[in-house]
Amino acid sequence: MNGLPEMRGEASAQWYPLGTGAHDEMLHDDGKVRPHWEYMIRALRTLGMEELERRGAEAAKLLRENGVSYNVYGDPAGQTRPWQLDPVPLLVSSEEWGLIESGLQERAELLNLILADIYGPRELIRKGLLPIELIYNHGGFLRACDQIALRGKHQLVIYAADLARGPDERMWVIGDRTQAPSGAGYALENRVAMTRVLPSLFRDSHVHRLALFFQSLRASLNAIAPPGAEKPRVVVLTPGPLNETFFEHAYLASYLGYSLVQGDDLTVRDGYLWLKSLGGLERVDVVLRRVDDDFCDPLELREDSQLGVPGLLEVVRRGNVAIANPLGSSVLENPGLMAFLPGIAEHFLGRPLRLPSAATWWCGQPKELDYVLTNLERLVIKPIHRSANTRPIFGHLLSQQELADWRDRIRAHPAFYVGQEQEEFSTVPSLAPGGLEPRHAVLRSFLVARADGYVVMPGGLTRSAPQKGDILVSNQTGSISKDTWVLASEPEKPVNLVMKPSPEQVAASLSGALPSRAAGNLFWVGRYAERAEGTIRLLRSTIRKLYGDPDRSSSEYASLYCLLRAVTQLTGTQPGFLGEDTALLREPEPELLSVAFDATRVGSLTNTLRCLVQAGYAVRDLWSSDTWRVMDELEGYLFSTRHLTSPPLGQVLDIMDQLITTLSAFSGLIMESMMRGNGWLFLDMGRRLERSSLQLSLLQATLTRQQPEAMETLLIEALLDTSDNLISYRQHYRNNMEVTAFLELLLLDENNPRSLSYQTARLQEYANRLPRENTGDRRLSLEQRLALDAATTLRLSSLDDLSAITGAGVRQNLDQLLSHLSQQLGLMSDAITAAYFRHESAPQPLASHRKV
Amino acid sequence: MRYRVIHKTEYVYSEFVGLSYNEARLLPRNTGTQHCQRTQLQIEPLPTDYREREDFFGNRVAYFSLREPHQRFVVTASSEVEIMPQGRQLNLSCGTDWEAVQLSLHQAHDPQTLDARQYALSSPFVAANTELANYAQTSFPPGRPLLEAVHDLMGRIHRDFTYDPGFTDLATPLATVLAHRRGVCQDFAHLAIGCLRAQGLAARYVSGYLETLPPPGAAKLVGADASHAWFSVYIPELGWVDFDPTNNQIPVDQHIVVAWGRDYGDVTPLKGVIFGGGEHELIVSVDVQNLGY
């Protein structure tokens, strides 16, 4: 068979061409399969190449549906990039893992001591073990954080190391991540996907499980909470949906059962940190931080930051909140440190480190500077402080001129740079078209501090180069991830990956610890979903009438004008069919297609769906996986229709049918599987308000003026179709299309879930259930009064009055009622927004006075 | 000499500010020659949270937050400071030459030198570069005593640069100041610090007040005095020595120190983040009163 070996007899070169000169994880240099890979190779062979590819595709689909993505900065499409997973895992034998694990624990302990020293006594600097220029020149050294310590002996709570196997066959540490390491959530998602697509291989390989690591993480976060917080409230602080790893922030928050918050969900008051939730302010004890440390407090750190919380550092200083990792911990993300670790290890531990680091020369010292300048063409140049626009520079890729420029740059600020040996690291078997091929890879390992030492995730996130021969592996430049299987000598007792939330968490999620921003997003999810559905239904009924290509001069066709104008009115895409240009009414196709597919047009279907997906993504942590899959289908729709310009009407109808089904699935899942907490309340309130508003503008555009009877009949039929009420109407009223009956069904029938009175009844009920601050105030709130007014006005109105023509061919009573309701419900939406959602202005720095 | 300083900062906002978080470095620190006898902040509206601490550089910082909606925010720092007469007589033409100072600064490991060394590094407002090194060069011929070199540099800055409050603002980069030879005390201090750092020497930024003497016979105007800034250079045998390039003088007993740091950014007198407020207007007044001995 193609691509996979017979275990014996067949020369490996034929199915797995090495030849890069580097070591390979699967094969010895002589081409023999390493023992811990034998079972895997045999299993893959039994499975067959085609099947393996199929499983890979299945895993990709699973990950996509779960919304696993990685945002690439500067990507013109502004799209999230789906996460790529190679179904062939990296295997690590149990003996070797033992060495790696203890080596990582030792390194983490050492870095922890260094961190505590840098923000504490600074003995390492005084003793000459760390040059002051290496630390004080580093952007991560935050002077405002001096002498602040977490309680307990660990300052470095979470640590990640990038590992690769060097030419000496040992594992090397090639990078340290100490401020907000990303990747643990992706590792977990990869594992979930792998156990789904290769269940028996996974089971029989005796792979170490990951779940215990996350339990340690949770315990560790609880342990750093300020004293007195018995059931600490932990939040995950994210920069927001535009961040490259937002998916992971949302995923971890929901997996660990914590609230996902952005800076302005939090506020500092009286020396404590608070979450602005619907129920009022809730004390926060621990912050799991994914915002870079200098962005966390615009008062004491970067004043231009909009991602932080002013005053946060002062709360930390007083010991009233714990942040993991502590602010200032990015000072350890400094490749120059690697040159000094051996000496510091001797000092603190009395022995050399078990895992070597990449050979590093810090240019802040004369001899090292000379060495780097002389050997630049074979070294990697790195700045000591990584930022968004710095990248490692590979000496061997530079021209003579570029080398000279770099020498000047380094000479001007030697302390800012290091040179590192460029090693060729080992390759891992990777799935390529037609077979396996060796590609360079890096393994990111994760550790979390417990009182008795660091716990290492048995596994990690392996990232391999996108092509054979590529040496740079980074998510920003494109890499393919792999699951990492640490093989146990014996089968492990399975631990369920799904963590049960504690009773307190369940209680918290029900009692309204919902950040008010999240409530706002849910409200808009409800509105956009409903708006999309309403738009589709109306477009569909309209297009159906056009589909048979009716005679455009007939009087029957003129009944369509009313519908076309309703399209413009309902979608708010004026002027459209309401404009001067009446030719548009006779040739409406281009305008209709634009209202459907023009993403740049506010109010178009595509635009509304995009808003829906964005609002949904911002509260990614609140959706069940099934619900998210439906969101993903919508995103898929947006992607596949992005170039659609003038599809035939038949195809448009098919797309609309498909979308209606998807949106109905979304509504259905929300009805059936979302907890009836505050989140659901706001979502459904958004939906009811939007449905009312659509209904009102539709009726206003069509029935407030009298039409010839024949035309009215056609119109009513179309409107019933639009509101999905045609069948109910026929059951009640037969085929007699008549305004009074129609208004009864659509306005006043409280048993009809699409009637207006049904919406107002729900809104009235919800307004009574909205969380209110416990002030003892027993008067009705503004939104309660508005809902009550709308529901009552509707209930008291008389059907005969409404359908009566009151001169000049106008149904004045109907018109008045519709206008009044529109106004009241609009006010209600505003009142809810003002009372419950983010509405304060963004913080601004005070202008400073200058000295003269 | 004793002084009473009243430094009043007032913000007037076009819209209400609902929340305000602030940090003030307005309480004078003690130094080897200065003793702050009493100092306090008066804040309107009353803060809901107030705490003092020492920062990384040993300056006194007051953190406070306001929650009462307001359109006017006033911070008044009132201090009484005693300045001891300098015991030492500076002889400019003797002392260690600047190259030896530079060498010992980067080789010695005693705590004092280590502490000074941080001020030889670039900082956010003052990064050493070749332009600054070139400007400094004529003051630093080989073998010249450091004290004399710095004194010469100060004199040149005073001569070469025009005091022009309208030309620069807080965001004006040092390169612009150097190119146009204009600025205010803050720019001149930064410039001198940059020149010294470009020579591998340690220099820091000092913020404070200067007693301005009234013309003979005239009464001193209240509020005419300004908040001021100068620089200080590290000389191993003398410690830190202050220089005021705006007035071309070595401070004796008329300079009242509030705080020091690597540059202005470390010692901003009043920082804040506010919610709301719209446009704001800022009025600052400083009154330095000589209380005699």
# chains A, B, ... in the order shown; residues from 1 in each chain; ligands from 1
>>> interface_residues(of="chain B", to="chain A", cutoff="8 Å", atoms="only C-alpha atoms", output="PyMOL selection string")
chain B and resi 21-23+48-49+55-56+63+109-111+114+117-118+121-122+129+165+169-170+184-186+226-229+268+270-276+282+284
>>> select_by_dssp(residues="stretch 34-176 of chain A", states="strand (DSSP E)", output="number ranges by chain")
A: 69-71, 80-82, 85-92, 158-165, 171-176
>>> select_by_dssp(residues="stretch 545-684 of chain A", states="alpha helix (DSSP H)", output="ChimeraX atom specification")
/A:545-547,555-571,583-586,589-597,605-618,625-640,649-673,678-684
>>> residues_around(residues="B:Arg67", least_positions_apart="3", cutoff="8 Å", atoms="only C-alpha atoms", output="list in words")
Gly18, Leu19, Ser20, Pro47 and Thr48 of chain B
>>> residues_around(residues="A:Val630", least_positions_apart="2", cutoff="12 Å", atoms="only C-alpha atoms", output="ChimeraX atom specification")
/A:64-67,529,612-613,616,623-628,632-637,658-670
>>> residues_around(residues="stretch 27-35 of chain B", least_positions_apart="5", cutoff="12 Å", atoms="only C-alpha atoms", output="ChimeraX atom specification")
/B:1-7,40-42,52-55,57-63,75-88,206-209,238-242,251-260,267-270
